[in-house]
Amino acid sequence: EAAVTQSPRSKVAVTGGKVTLSCHQTNNHDYMYWYRQDTGHGLRLIHYSYVADSTEKGDIPDGYKASRPSQENFSLILELASLSQTAVYFCASSGPGLGGSQNTLYFGAGTRLSVL
Amino acid sequence: AQRVTQVQPTGSSQWGEEVTLDCSYETSEYFYRIFWYRQLFSGEMVFLIYQPSFDTQNQRSGRYSVVFQKSFKSISLVISASQPEDSGTYFCALSELRNNNAPRFGAGTKLSVKP
């Protein structure tokens with residue numbers, strides 16, 4: 001069974017502080033993603049990676065950095081957290097290629113971040 | 001710019017009814033895939049079904065099927081014999097090769113199935 005584990009599950013941060021969200025997958029997948037979910041916006045892509053030591057910007061990368069030190073681990077870093085970054089953050093992984101279920105996303109349980 | 005649109009923010013049905021949820025998308029690619037996911041009330045995201053652009057046959061998986069209208073760039077998820085356990089938020093997502101297949105999601109449709 002594919003597994004994606006996020007930590008922490010919830011966090012309260014102060015404005016201007018640094019926040020690191022971690023994601024670990026045991027799926028042997030090449031692709032990993034970070035999304036944020038806000039009411040009415042669905043899931044929006046922040047950063048993604050298709051190989052270790054490389055990350056790509058998604059649609060809303062401003063204010064976020066990403067790190068992929070290994071195939072299994074993908075972190076999202078908020079250097080200076082702001083109120084507008086309060087949201088639920090989802091990590092996901094998927095396999096490469098075009099066909100079959102390999103591009104199906106396997107999601108973590110999400111991290112609820114509140115910036116005060 | 002919004003690439004995936006789900007115009008129904010909410011939907012409802014009665015137990016046993018067929019439910020149709022709509023999604024439209026923008027793409028200039030020939031090869032792409034549309035995925036449907038359901039978010040449970042716990043927040044968990046569950047994969048339901050996907051449609052590849054090159055397949056003219058509507059995909060089916062259990063009680064889920066899609067109506068793929070490629071020329072209109074629209075796709076509907078059809079849930080047959082809906083049950084209260086089907087309640088949740090349904091998302092469609094577009095995956096394009098030019099974007100490294102990174103899926104983009106619609107805003108979702110929150111479905112309530114009444115007993």
# chains A, B, ... in the order shown; residues from 1 in each chain; ligands from 1
$ interface_residues --of "chain B" --to "chain A" --cutoff "7 Å" --atoms "only C-alpha atoms" --output "ChimeraX atom specification"
/B:43-45,104-108
$ select_by_dssp --residues "region 26-107 of chain A" --states "strand (DSSP E)" --output "count of residues only"
41
$ residues_around --residues "Leu116 (chain A)" --least-positions-apart "6" --cutoff "12 Å" --atoms "only C-alpha atoms" --output "list in words"
Lys11, Val12, Ala13, Val14, Thr15, Gly16, Gly17, Ala81, Ser82, Leu83, Ser84, Gln85, Thr86 and Ala87 of chain A
$ write_last_selection --atoms "C-alpha atoms" --output "JSON list (two decimals), in the first residue's frame"
[["chain", "number", "residue", "atom", "x", "y", "z"],
["A", 11, "LYS", "CA", 1.08, 23.61, 13.65],
["A", 12, "VAL", "CA", 0.61, 27.06, 15.04],
["A", 13, "ALA", "CA", 3.25, 29.52, 13.93],
["A", 14, "VAL", "CA", 3.92, 33.18, 14.61],
["A", 15, "THR", "CA", 4.05, 35.77, 11.89],
["A", 16, "GLY", "CA", 7.59, 36.17, 10.63],
["A", 17, "GLY", "CA", 8.72, 32.84, 11.97],
["A", 81, "ALA", "CA", 5.39, 32.93, 7.71],
["A", 82, "SER", "CA", 2.50, 35.30, 7.07],
["A", 83, "LEU", "CA", -1.17, 35.32, 8.02],
["A", 84, "SER", "CA", -2.12, 34.61, 4.40],
["A", 85, "GLN", "CA", -0.31, 31.28, 4.58],
["A", 86, "THR", "CA", -2.81, 29.87, 7.02],
["A", 87, "ALA", "CA", -4.19, 26.84, 5.16]]
$ residues_around --residues "region 57-65 of chain B" --least-positions-apart "2" --cutoff "9 Å" --atoms "only C-alpha atoms" --output "PDB file with N, CA and C atoms, in the first residue's frame"
ATOM      1  N   LEU B  48     -10.449   8.249  -7.551  1.00  0.00           N
ATOM      2  CA  LEU B  48     -11.643   7.551  -8.020  1.00  0.00           C
ATOM      3  C   LEU B  48     -11.454   6.940  -9.399  1.00  0.00           C
ATOM      4  N   ILE B  49     -11.072   7.766 -10.374  1.00  0.00           N
ATOM      5  CA  ILE B  49     -11.063   7.324 -11.760  1.00  0.00           C
ATOM      6  C   ILE B  49     -10.276   8.339 -12.578  1.00  0.00           C
ATOM      7  N   TYR B  50      -9.751   7.900 -13.727  1.00  0.00           N
ATOM      8  CA  TYR B  50      -9.092   8.858 -14.600  1.00  0.00           C
ATOM      9  C   TYR B  50      -9.413   8.550 -16.055  1.00  0.00           C
ATOM     10  N   GLN B  51      -9.319   9.597 -16.878  1.00  0.00           N
ATOM     11  CA  GLN B  51      -9.589   9.495 -18.306  1.00  0.00           C
ATOM     12  C   GLN B  51      -8.392  10.011 -19.090  1.00  0.00           C
ATOM     13  N   PRO B  52      -7.760   9.168 -19.913  1.00  0.00           N
ATOM     14  CA  PRO B  52      -6.689   9.675 -20.775  1.00  0.00           C
ATOM     15  C   PRO B  52      -7.284  10.313 -22.026  1.00  0.00           C
ATOM     16  N   ASP B  55      -7.951   8.211 -25.277  1.00  0.00           N
ATOM     17  CA  ASP B  55      -8.922   7.127 -25.236  1.00  0.00           C
ATOM     18  C   ASP B  55     -10.324   7.707 -25.424  1.00  0.00           C
ATOM     19  N   VAL B  67     -18.183  10.904 -18.437  1.00  0.00           N
ATOM     20  CA  VAL B  67     -18.646  11.258 -19.759  1.00  0.00           C
ATOM     21  C   VAL B  67     -17.652  12.280 -20.290  1.00  0.00           C
ATOM     22  N   PHE B  68     -16.835  11.835 -21.220  1.00  0.00           N
ATOM     23  CA  PHE B  68     -15.718  12.630 -21.706  1.00  0.00           C
ATOM     24  C   PHE B  68     -16.104  13.275 -23.033  1.00  0.00           C
ATOM     25  N   SER B  76     -17.562  14.816 -17.182  1.00  0.00           N
ATOM     26  CA  SER B  76     -18.453  14.702 -16.048  1.00  0.00           C
ATOM     27  C   SER B  76     -18.191  13.386 -15.331  1.00  0.00           C
ATOM     28  N   LEU B  77     -18.276  13.432 -14.027  1.00  0.00           N
ATOM     29  CA  LEU B  77     -18.214  12.219 -13.210  1.00  0.00           C
ATOM     30  C   LEU B  77     -19.644  11.801 -12.923  1.00  0.00           C
ATOM     31  N   VAL B  78     -19.932  10.539 -13.177  1.00  0.00           N
ATOM     32  CA  VAL B  78     -21.259  10.003 -12.918  1.00  0.00           C
ATOM     33  C   VAL B  78     -21.148   8.959 -11.820  1.00  0.00           C
ATOM     34  N   ILE B  79     -21.933   9.146 -10.782  1.00  0.00           N
ATOM     35  CA  ILE B  79     -21.987   8.187  -9.689  1.00  0.00           C
ATOM     36  C   ILE B  79     -23.351   7.512  -9.757  1.00  0.00           C
ATOM     37  N   SER B  80     -23.352   6.218  -9.985  1.00  0.00           N
ATOM     38  CA  SER B  80     -24.621   5.505 -10.052  1.00  0.00           C
ATOM     39  C   SER B  80     -25.034   5.042  -8.661  1.00  0.00           C
ATOM     40  N   ALA B  81     -26.343   4.977  -8.453  1.00  0.00           N
ATOM     41  CA  ALA B  81     -26.895   4.483  -7.185  1.00  0.00           C
ATOM     42  C   ALA B  81     -26.196   5.133  -5.995  1.00  0.00           C
ATOM     43  N   SER B  82     -26.273   6.441  -5.912  1.00  0.00           N
ATOM     44  CA  SER B  82     -25.549   7.174  -4.868  1.00  0.00           C
ATOM     45  C   SER B  82     -26.008   6.752  -3.471  1.00  0.00           C
TER      46      SER B  82
END
$ residues_around --residues "Leu40 (chain B)" --least-positions-apart "5" --cutoff "10 Å" --atoms "only C-alpha atoms" --output "list in words"
Met45, Val46, Glu85, Asp86, Ser87, Gly88, Thr89 and Tyr90 of chain B
$ write_last_selection --atoms "N, CA and C atoms" --output "short mmCIF file (atom, residue, chain, number, x, y, z; two decimals), in the first residue's frame"
data_model
loop_
_atom_site.label_atom_id
_atom_site.label_comp_id
_atom_site.auth_asym_id
_atom_site.auth_seq_id
_atom_site.Cartn_x
_atom_site.Cartn_y
_atom_site.Cartn_z
N MET B 45 -7.80 12.36 0.89
CA MET B 45 -8.04 12.42 -0.55
C MET B 45 -7.97 11.01 -1.13
N VAL B 46 -9.00 10.65 -1.90
CA VAL B 46 -9.09 9.31 -2.45
C VAL B 46 -9.23 9.39 -3.96
N GLU B 85 -22.81 7.50 2.00
CA GLU B 85 -21.34 7.40 2.16
C GLU B 85 -20.59 8.07 1.01
N ASP B 86 -21.27 8.40 -0.06
CA ASP B 86 -20.63 9.09 -1.18
C ASP B 86 -20.50 10.60 -0.93
N SER B 87 -21.09 11.06 0.13
CA SER B 87 -21.00 12.49 0.45
C SER B 87 -19.55 12.89 0.66
N GLY B 88 -19.24 14.09 0.22
CA GLY B 88 -17.87 14.59 0.31
C GLY B 88 -17.65 15.60 -0.79
N THR B 89 -16.40 16.02 -0.94
CA THR B 89 -16.08 17.00 -1.97
C THR B 89 -15.32 16.30 -3.09
N TYR B 90 -15.77 16.54 -4.31
CA TYR B 90 -15.20 15.88 -5.48
C TYR B 90 -14.40 16.88 -6.30
#
$ decode --residues "region 97-108 of chain B" --atoms "all heavy atoms" --output "mmCIF file, in the first residue's frame"
data_model
loop_
_atom_site.group_PDB
_atom_site.id
_atom_site.type_symbol
_atom_site.label_atom_id
_atom_site.label_comp_id
_atom_site.auth_asym_id
_atom_site.auth_seq_id
_atom_site.Cartn_x
_atom_site.Cartn_y
_atom_site.Cartn_z
ATOM 1 N N LEU B 97 1.447 16.753 -20.042
ATOM 2 C CA LEU B 97 2.844 16.390 -20.205
ATOM 3 C C LEU B 97 3.755 17.612 -20.161
ATOM 4 O O LEU B 97 4.829 17.576 -19.566
ATOM 5 C CB LEU B 97 3.027 15.642 -21.519
ATOM 6 C CG LEU B 97 4.441 15.164 -21.831
ATOM 7 C CD1 LEU B 97 4.907 14.187 -20.767
ATOM 8 C CD2 LEU B 97 4.498 14.521 -23.209
ATOM 9 N N ARG B 98 3.340 18.718 -20.742
ATOM 10 C CA ARG B 98 4.211 19.896 -20.813
ATOM 11 C C ARG B 98 4.507 20.486 -19.438
ATOM 12 O O ARG B 98 5.444 21.230 -19.265
ATOM 13 C CB ARG B 98 3.611 20.969 -21.716
ATOM 14 C CG ARG B 98 2.396 21.689 -21.146
ATOM 15 C CD ARG B 98 1.916 22.765 -22.084
ATOM 16 N NE ARG B 98 0.738 23.444 -21.571
ATOM 17 C CZ ARG B 98 0.789 24.532 -20.826
ATOM 18 N NH1 ARG B 98 1.946 25.074 -20.531
ATOM 19 N NH2 ARG B 98 -0.333 25.097 -20.394
ATOM 20 N N ASN B 99 3.671 20.175 -18.479
ATOM 21 C CA ASN B 99 3.871 20.647 -17.107
ATOM 22 C C ASN B 99 4.400 19.532 -16.217
ATOM 23 O O ASN B 99 4.112 19.474 -15.023
ATOM 24 C CB ASN B 99 2.564 21.191 -16.537
ATOM 25 C CG ASN B 99 2.202 22.544 -17.096
ATOM 26 O OD1 ASN B 99 3.063 23.390 -17.274
ATOM 27 N ND2 ASN B 99 0.931 22.744 -17.391
ATOM 28 N N ASN B 100 5.178 18.623 -16.826
ATOM 29 C CA ASN B 100 5.701 17.480 -16.091
ATOM 30 C C ASN B 100 4.608 16.678 -15.411
ATOM 31 O O ASN B 100 4.834 16.064 -14.364
ATOM 32 C CB ASN B 100 6.736 17.939 -15.049
ATOM 33 C CG ASN B 100 7.994 18.464 -15.705
ATOM 34 O OD1 ASN B 100 8.580 17.811 -16.554
ATOM 35 N ND2 ASN B 100 8.396 19.656 -15.334
ATOM 36 N N ASN B 101 3.437 16.721 -15.991
ATOM 37 C CA ASN B 101 2.289 15.971 -15.480
ATOM 38 C C ASN B 101 1.796 16.444 -14.119
ATOM 39 O O ASN B 101 0.994 15.757 -13.501
ATOM 40 C CB ASN B 101 2.614 14.465 -15.396
ATOM 41 C CG ASN B 101 2.940 13.887 -16.745
ATOM 42 O OD1 ASN B 101 2.216 14.095 -17.702
ATOM 43 N ND2 ASN B 101 4.045 13.174 -16.832
ATOM 44 N N ALA B 102 2.299 17.575 -13.628
ATOM 45 C CA ALA B 102 1.862 18.049 -12.313
ATOM 46 C C ALA B 102 0.385 18.425 -12.374
ATOM 47 O O ALA B 102 0.004 19.334 -13.106
ATOM 48 C CB ALA B 102 2.697 19.247 -11.888
ATOM 49 N N PRO B 103 -0.435 17.747 -11.630
ATOM 50 C CA PRO B 103 -1.876 17.963 -11.741
ATOM 51 C C PRO B 103 -2.328 19.305 -11.182
ATOM 52 O O PRO B 103 -1.864 19.746 -10.141
ATOM 53 C CB PRO B 103 -2.483 16.813 -10.931
ATOM 54 C CG PRO B 103 -1.395 15.798 -10.841
ATOM 55 C CD PRO B 103 -0.126 16.590 -10.778
ATOM 56 N N ARG B 104 -3.270 19.934 -11.905
ATOM 57 C CA ARG B 104 -3.935 21.153 -11.436
ATOM 58 C C ARG B 104 -5.392 20.818 -11.145
ATOM 59 O O ARG B 104 -6.044 20.154 -11.952
ATOM 60 C CB ARG B 104 -3.881 22.252 -12.514
ATOM 61 C CG ARG B 104 -2.701 23.192 -12.379
ATOM 62 C CD ARG B 104 -1.374 22.560 -12.657
ATOM 63 N NE ARG B 104 -0.314 23.564 -12.632
ATOM 64 C CZ ARG B 104 0.954 23.326 -12.891
ATOM 65 N NH1 ARG B 104 1.344 22.093 -13.196
ATOM 66 N NH2 ARG B 104 1.840 24.296 -12.847
ATOM 67 N N PHE B 105 -5.866 21.315 -10.011
ATOM 68 C CA PHE B 105 -7.184 20.937 -9.524
ATOM 69 C C PHE B 105 -8.221 22.028 -9.736
ATOM 70 O O PHE B 105 -7.896 23.229 -9.758
ATOM 71 C CB PHE B 105 -7.118 20.641 -8.022
ATOM 72 C CG PHE B 105 -6.505 19.314 -7.698
ATOM 73 C CD1 PHE B 105 -5.134 19.122 -7.751
ATOM 74 C CD2 PHE B 105 -7.311 18.240 -7.328
ATOM 75 C CE1 PHE B 105 -4.565 17.896 -7.466
ATOM 76 C CE2 PHE B 105 -6.752 17.012 -7.024
ATOM 77 C CZ PHE B 105 -5.383 16.840 -7.095
ATOM 78 N N GLY B 106 -9.467 21.584 -9.845
ATOM 79 C CA GLY B 106 -10.579 22.505 -9.788
ATOM 80 C C GLY B 106 -10.920 22.833 -8.343
ATOM 81 O O GLY B 106 -10.315 22.307 -7.408
ATOM 82 N N ALA B 107 -11.921 23.699 -8.164
ATOM 83 C CA ALA B 107 -12.285 24.154 -6.819
ATOM 84 C C ALA B 107 -13.111 23.132 -6.049
ATOM 85 O O ALA B 107 -13.282 23.266 -4.840
ATOM 86 C CB ALA B 107 -13.046 25.478 -6.897
ATOM 87 N N GLY B 108 -13.629 22.145 -6.757
ATOM 88 C CA GLY B 108 -14.353 21.084 -6.082
ATOM 89 C C GLY B 108 -15.856 21.295 -6.051
ATOM 90 O O GLY B 108 -16.349 22.421 -6.159
#
